[in-house]
Amino acid sequence: MTALDRLSVAGIAAEVQAGKRSAVAVIEDVLARLDAYDAIQPAVWISRFEPDALRAAAAAVDARIAAGETLPLAGVPFAVKDNIDLAGLATTAACPAFAYQPEQSATVVAKLVAAGAIPVGKANLDQFATGLNGTRSPYGIPRNAYNRAWVSGGSSSGSAVAVAAGLVAFALGTDTAGSGRVPAAFNHLVGLKPSKGRWSSSGLVPACRTLDCITVFAGSTEDAALVDTIAAGFDATDSLSRDLPDVPRARRRIGVPRAEQCRWFGDIESEFLYHQALAGLDAELVEIDLAPLDEAARLLYDGPWVAERTAALQGLLLDDPDAIHPVVREIVDGGFGYSAIDAFNGAYRLAELARMAEAMWEQVDLLALPTAPTSYRVAEMVAEPIRLNASLGAYTNFVNLLDMAAIAVPTGSYASGVGFGVTLMGPAGTDRALLDAANAFFPAPASPPPLDLEGRMETVKLAVVGAHLKGMPLHWQLTSREAKFVEATTTAPTYKLYAMAESVPPKPALVHSEDGAAIALEVYELDMAAFGSFVAEVPPPLAIGTVTLADGSMVKGFVAEPRAMAGAEDITELGGWRAYIARG
């Protein structure tokens, strides 16, 4: 199977409306894509409309256009997260025992269909939208579209993968604690989380009803903005809907965390990608105190807001607890331990924290935070499901509690192929301003890597500085492992190089030193197994550690134990091992 290109909301709508392509032709293409990708990731969907039903829906769109209607989403295929009602398909929230047949579609879905969009089916999710990772569903695990060994992010896992894999042009997700943003980051997508109440939540299975937002995943800010123009608006049938005017917002001062408050959970690659993204912002970066935001975030899972999730599932928890995913049940059961007194005290504290957040908006126009501080493999998440999941929400959990709008934008890629992104945040009502800011700051994000269609092999980049360089006596240890040459570059200017005494063949020792210099090296890429076998053969006093390159990125590389310095010659001034060998 060849790679699937992404579908464009604006592109499809324009072509179908102009008669350059029929909606039926679009759906035939989608059906072929679905058939192909089902063999790779069947867990993306919980249910779908039958092919003939999709063809009939597309034919109806073509008939409306022939009758003279103007449809802003003409023929655009989309997915609906399966905690949002879609007439004709069951709503399960990824729990078979909970499933029901809705009489009508959710308000947002009905608006999109009225605008000419075609719902393809119901996408998989972390059960009851409880999770940020995508592994908590009895319908299987939708894995990352770019490296299936890694999580897709949740809870809107299937929605994000369906867009990333080119199965639909956009998808609806939901967001209580980050579920419309983390999957966007990991799958190289834009994820728009509207202000609370800006999009109707009528027809949405509640997680935390006062916080829940329906969201959109798309391949570009242009597409997300187009969907927003249709989906947004006051809904009198939704008691939490708000008639929010668009609030203009400058983008001159961008809030970023203080260095000591950044949490990367040991992921140096995330730290590098974040600072690389910030370097491209045409704005003043202002350090802010994250402590009030972090405290607000803790109220969500370590405070009385857990009880709001419990309230949503109380009947099932009491009548059929075994029907609930065990990790979800463990989390939601915790809500029974909170009292009304706890809830009021939590509300009072949140009001105080909200005032602090309001003061923050006087210092900065917008926030630009990492969407997620790290990413995890599926096996890691399954082994440690609660602690690792909590890490993913480090920069997302406070947003709805503090009434912010947010847009997650793709800004980079991990070596694994998994996406990394930055989220722009603003006060309630700044949704369109955030879309404009995303366009201004990240007008052309890098194209995502190829989809993982065959099981992507994980690799490691390794920096070599001495006997393993091309043409040197131990280079064969790389070529025999089919190592791929990546680049010749230098370290950051913070290293010293020594020629070790009595080493056969002669070998250098690379040592970190703030008064050092840039040292020439070569970077190679090996698969995980080859890297492991290579490391096993590294003799003391050498070792494999982490080396910072000239561009600030970090890779694995040769470092030295202190005993390597015994009798060693400092050759830093030569700039590299080749110059030392040439010196004779």
# chains A, B, ... in the order shown; residues from 1 in each chain; ligands from 1

call {"tool": "residues_around", "arguments": {"residues": "A:Asp228", "least_positions_apart": "5", "cutoff": "9 Å", "atoms": "only C-alpha atoms", "output": "ChimeraX atom specification"}}
result
/A:192,194,199,216,223,432

call {"tool": "write_last_selection", "arguments": {"atoms": "N, CA, C and O atoms", "output": "CSV table (one decimal), in the first residue's frame"}}
result
chain,number,residue,atom,x,y,z
A,192,LEU,N,-7.9,22.5,17.4
A,192,LEU,CA,-8.6,23.7,18.0
A,192,LEU,C,-9.5,23.3,19.1
A,192,LEU,O,-10.5,22.6,18.9
A,194,PRO,N,-12.1,25.1,21.3
A,194,PRO,CA,-12.8,26.3,21.5
A,194,PRO,C,-12.9,26.7,22.9
A,194,PRO,O,-12.8,25.9,23.9
A,199,TRP,N,-18.8,26.3,21.2
A,199,TRP,CA,-19.5,25.3,20.5
A,199,TRP,C,-20.5,24.6,21.4
A,199,TRP,O,-20.1,24.3,22.5
A,216,VAL,N,-12.0,20.2,17.1
A,216,VAL,CA,-11.7,19.7,15.7
A,216,VAL,C,-10.3,19.4,15.5
A,216,VAL,O,-9.4,20.2,16.0
A,223,ASP,N,-8.1,24.9,7.6
A,223,ASP,CA,-9.2,24.0,7.7
A,223,ASP,C,-9.9,24.0,9.0
A,223,ASP,O,-11.2,24.0,9.1
A,432,ARG,N,-10.6,33.0,17.4
A,432,ARG,CA,-10.2,33.5,16.0
A,432,ARG,C,-8.9,34.2,16.1
A,432,ARG,O,-8.1,34.0,15.2

call {"tool": "residues_around", "arguments": {"residues": "stretch 316-327 of chain A", "least_positions_apart": "2", "cutoff": "10 Å", "atoms": "only C-alpha atoms", "output": "list in words"}}
result
Ala94, Cys95, Pro96, Ala97, Phe98, Asp126, Gln127, Phe128, Thr130, Gly131, Arg136, Ser137, Pro138, Thr310, Ala311, Ala312, Leu313, Gln314, Arg329, Glu330, Ile331, Val332, Asp333, Val382, Pro385 and Ile386 of chain A

call {"tool": "select_by_dssp", "arguments": {"residues": "stretch 113-293 of chain A", "states": "alpha helix (DSSP H)", "output": "number ranges by chain"}}
result
A: 113-114, 157-164, 182-186, 221-231, 268-279, 291-293

call {"tool": "write_last_selection", "arguments": {"atoms": "N, CA and C atoms", "output": "compact mmCIF listing (two decimals), in the first residue's frame"}}
result
# COMPACT_ATOMS: atom_id res chain seq x y z
N VAL A 113 -23.32 18.78 8.96
CA VAL A 113 -24.04 18.06 7.91
C VAL A 113 -24.87 19.03 7.07
N ALA A 114 -25.50 19.98 7.73
CA ALA A 114 -26.28 20.99 7.01
C ALA A 114 -25.40 21.80 6.06
N SER A 157 -8.33 9.58 20.34
CA SER A 157 -7.29 8.85 19.60
C SER A 157 -7.70 8.52 18.18
N GLY A 158 -8.85 7.88 18.02
CA GLY A 158 -9.29 7.49 16.68
C GLY A 158 -9.53 8.68 15.78
N SER A 159 -10.05 9.76 16.35
CA SER A 159 -10.31 10.97 15.54
C SER A 159 -9.02 11.52 14.95
N ALA A 160 -7.98 11.59 15.78
CA ALA A 160 -6.71 12.14 15.30
C ALA A 160 -6.08 11.24 14.24
N VAL A 161 -6.08 9.94 14.48
CA VAL A 161 -5.46 9.02 13.52
C VAL A 161 -6.22 9.04 12.20
N ALA A 162 -7.55 9.14 12.25
CA ALA A 162 -8.34 9.15 11.02
C ALA A 162 -7.96 10.33 10.12
N VAL A 163 -7.68 11.49 10.71
CA VAL A 163 -7.27 12.65 9.92
C VAL A 163 -5.82 12.50 9.46
N ALA A 164 -4.94 12.10 10.38
CA ALA A 164 -3.53 11.96 10.04
C ALA A 164 -3.31 10.96 8.92
N VAL A 182 -3.42 16.95 22.80
CA VAL A 182 -2.33 15.96 22.83
C VAL A 182 -2.34 15.05 21.60
N PRO A 183 -3.49 14.50 21.17
CA PRO A 183 -3.47 13.68 19.95
C PRO A 183 -3.10 14.48 18.71
N ALA A 184 -3.45 15.77 18.70
CA ALA A 184 -3.05 16.61 17.57
C ALA A 184 -1.53 16.70 17.50
N ALA A 185 -0.90 16.94 18.64
CA ALA A 185 0.56 17.07 18.66
C ALA A 185 1.23 15.79 18.19
N PHE A 186 0.82 14.67 18.72
CA PHE A 186 1.50 13.40 18.42
C PHE A 186 1.29 12.96 16.97
N THR A 221 -4.44 25.15 9.89
CA THR A 221 -5.24 26.14 10.60
C THR A 221 -6.36 26.66 9.71
N GLU A 222 -6.12 26.72 8.40
CA GLU A 222 -7.17 27.15 7.47
C GLU A 222 -8.38 26.23 7.56
N ASP A 223 -8.12 24.92 7.58
CA ASP A 223 -9.22 23.97 7.66
C ASP A 223 -9.93 24.03 9.01
N ALA A 224 -9.15 24.16 10.08
CA ALA A 224 -9.76 24.28 11.41
C ALA A 224 -10.63 25.52 11.50
N ALA A 225 -10.17 26.63 10.92
CA ALA A 225 -10.92 27.87 10.95
C ALA A 225 -12.23 27.74 10.17
N LEU A 226 -12.18 27.02 9.05
CA LEU A 226 -13.40 26.84 8.24
C LEU A 226 -14.44 26.05 9.02
N VAL A 227 -14.01 24.98 9.66
CA VAL A 227 -14.95 24.19 10.48
C VAL A 227 -15.51 25.02 11.62
N ASP A 228 -14.66 25.84 12.22
CA ASP A 228 -15.10 26.67 13.33
C ASP A 228 -16.20 27.65 12.92
N THR A 229 -16.11 28.19 11.72
CA THR A 229 -17.14 29.14 11.28
C THR A 229 -18.51 28.49 11.21
N ILE A 230 -18.55 27.18 10.99
CA ILE A 230 -19.82 26.46 10.91
C ILE A 230 -20.27 25.98 12.29
N ALA A 231 -19.33 25.47 13.08
CA ALA A 231 -19.69 24.80 14.33
C ALA A 231 -19.99 25.76 15.47
N ILE A 268 14.91 15.02 26.71
CA ILE A 268 15.72 16.11 26.21
C ILE A 268 15.33 16.49 24.78
N GLU A 269 14.76 15.56 24.04
CA GLU A 269 14.35 15.86 22.67
C GLU A 269 13.18 16.84 22.67
N SER A 270 12.24 16.65 23.60
CA SER A 270 11.12 17.58 23.71
C SER A 270 11.60 18.98 24.05
N GLU A 271 12.53 19.06 24.98
CA GLU A 271 13.06 20.35 25.38
C GLU A 271 13.68 21.07 24.20
N PHE A 272 14.46 20.35 23.40
CA PHE A 272 15.09 20.94 22.22
C PHE A 272 14.04 21.41 21.21
N LEU A 273 13.02 20.56 20.94
CA LEU A 273 12.01 20.91 19.95
C LEU A 273 11.19 22.12 20.38
N TYR A 274 10.95 22.24 21.68
CA TYR A 274 10.19 23.40 22.16
C TYR A 274 10.98 24.68 21.97
N HIS A 275 12.23 24.68 22.38
CA HIS A 275 13.03 25.89 22.24
C HIS A 275 13.29 26.22 20.76
N GLN A 276 13.37 25.21 19.94
CA GLN A 276 13.52 25.44 18.50
C GLN A 276 12.27 26.14 17.95
N ALA A 277 11.09 25.73 18.42
CA ALA A 277 9.85 26.37 17.97
C ALA A 277 9.76 27.81 18.45
N LEU A 278 10.16 28.04 19.71
CA LEU A 278 10.11 29.40 20.24
C LEU A 278 11.04 30.34 19.50
N ALA A 279 12.16 29.80 19.04
CA ALA A 279 13.15 30.64 18.36
C ALA A 279 12.59 31.27 17.09
N ALA A 291 3.05 28.35 38.49
CA ALA A 291 2.56 27.73 39.73
C ALA A 291 1.04 27.81 39.87
N PRO A 292 0.40 28.97 39.65
CA PRO A 292 -1.06 28.99 39.76
C PRO A 292 -1.76 28.09 38.74
N LEU A 293 -1.21 28.00 37.54
CA LEU A 293 -1.80 27.14 36.52
C LEU A 293 -1.65 25.67 36.92

call {"tool": "residues_around", "arguments": {"residues": "A:Val538", "least_positions_apart": "4", "cutoff": "12 Å", "atoms": "only C-alpha atoms", "output": "short mmCIF file (atom, residue, chain, number, x, y, z; two decimals) with N, CA and C atoms, in the first residue's frame"}}
result
data_model
loop_
_atom_site.label_atom_id
_atom_site.label_comp_id
_atom_site.auth_asym_id
_atom_site.auth_seq_id
_atom_site.Cartn_x
_atom_site.Cartn_y
_atom_site.Cartn_z
N VAL A 464 29.97 9.87 16.67
CA VAL A 464 31.29 9.27 16.87
C VAL A 464 32.35 10.34 16.62
N ALA A 467 37.86 6.67 16.49
CA ALA A 467 38.21 5.50 15.69
C ALA A 467 37.05 4.95 14.87
N HIS A 468 35.82 5.45 15.13
CA HIS A 468 34.67 4.99 14.36
C HIS A 468 34.32 5.94 13.21
N LEU A 474 37.96 1.47 13.24
CA LEU A 474 36.79 0.80 13.81
C LEU A 474 35.49 1.16 13.10
N GLN A 477 32.62 -1.36 12.52
CA GLN A 477 31.62 -1.73 13.52
C GLN A 477 30.29 -1.02 13.26
N LYS A 507 42.49 6.00 20.51
CA LYS A 507 41.10 6.46 20.67
C LYS A 507 41.10 7.76 21.46
N PHE A 531 21.99 -0.77 17.62
CA PHE A 531 22.55 0.14 18.61
C PHE A 531 22.86 -0.60 19.90
N GLY A 532 21.96 -1.47 20.32
CA GLY A 532 22.20 -2.23 21.54
C GLY A 532 23.44 -3.11 21.45
N SER A 533 23.61 -3.77 20.32
CA SER A 533 24.78 -4.64 20.16
C SER A 533 26.06 -3.81 20.09
N PHE A 534 25.95 -2.61 19.49
CA PHE A 534 27.11 -1.73 19.42
C PHE A 534 27.53 -1.29 20.82
N LEU A 542 35.65 4.07 27.96
CA LEU A 542 34.66 4.79 27.16
C LEU A 542 33.26 4.34 27.54
N ALA A 543 32.28 5.16 27.22
CA ALA A 543 30.89 4.84 27.49
C ALA A 543 30.02 5.60 26.49
N ILE A 544 28.75 5.25 26.45
CA ILE A 544 27.81 5.96 25.59
C ILE A 544 26.93 6.84 26.48
N GLY A 545 26.95 8.14 26.17
CA GLY A 545 26.13 9.09 26.91
C GLY A 545 25.36 9.96 25.93
N GLY A 557 26.20 9.41 22.11
CA GLY A 557 27.56 9.53 21.61
C GLY A 557 28.58 9.07 22.62
N PHE A 558 29.82 8.98 22.18
CA PHE A 558 30.91 8.52 23.04
C PHE A 558 31.26 9.60 24.08
N VAL A 559 31.34 9.17 25.31
CA VAL A 559 31.85 10.00 26.40
C VAL A 559 32.88 9.15 27.15
N ALA A 560 33.48 9.72 28.19
CA ALA A 560 34.57 9.00 28.86
C ALA A 560 34.41 9.04 30.38
#

call {"tool": "closest_residue", "arguments": {"among": "A:Tyr498, A:Phe344, A:Trp305, A:Tyr146", "to": "A:Asp570", "atoms": "only C-alpha atoms"}}
result
A:Tyr498

call {"tool": "atom_distance", "arguments": {"atom1": "atom CA of A:Gln17", "atom2": "atom CA of A:Ala63"}}
result
11.1 Å

call {"tool": "closest_residue", "arguments": {"among": "A:Leu167, A:Ile27, A:Leu402, A:Leu71", "to": "A:Trp45", "atoms": "only C-alpha atoms"}}
result
A:Leu167

call {"tool": "select_by_dssp", "arguments": {"residues": "stretch 219-430 of chain A", "states": "strand (DSSP E)", "output": "PyMOL selection string"}}
result
chain A and resi 253-257+284-288+366-370+404-413+419-427

call {"tool": "closest_residue", "arguments": {"among": "A:Arg309, A:Arg355, A:Lys484, A:Lys193", "to": "A:Tyr338", "atoms": "only C-alpha atoms"}}
result
A:Arg309

call {"tool": "closest_residue", "arguments": {"among": "A:His512, A:Lys196, A:Arg148, A:Arg143", "to": "A:Asp452", "atoms": "only C-alpha atoms"}}
result
A:Arg148
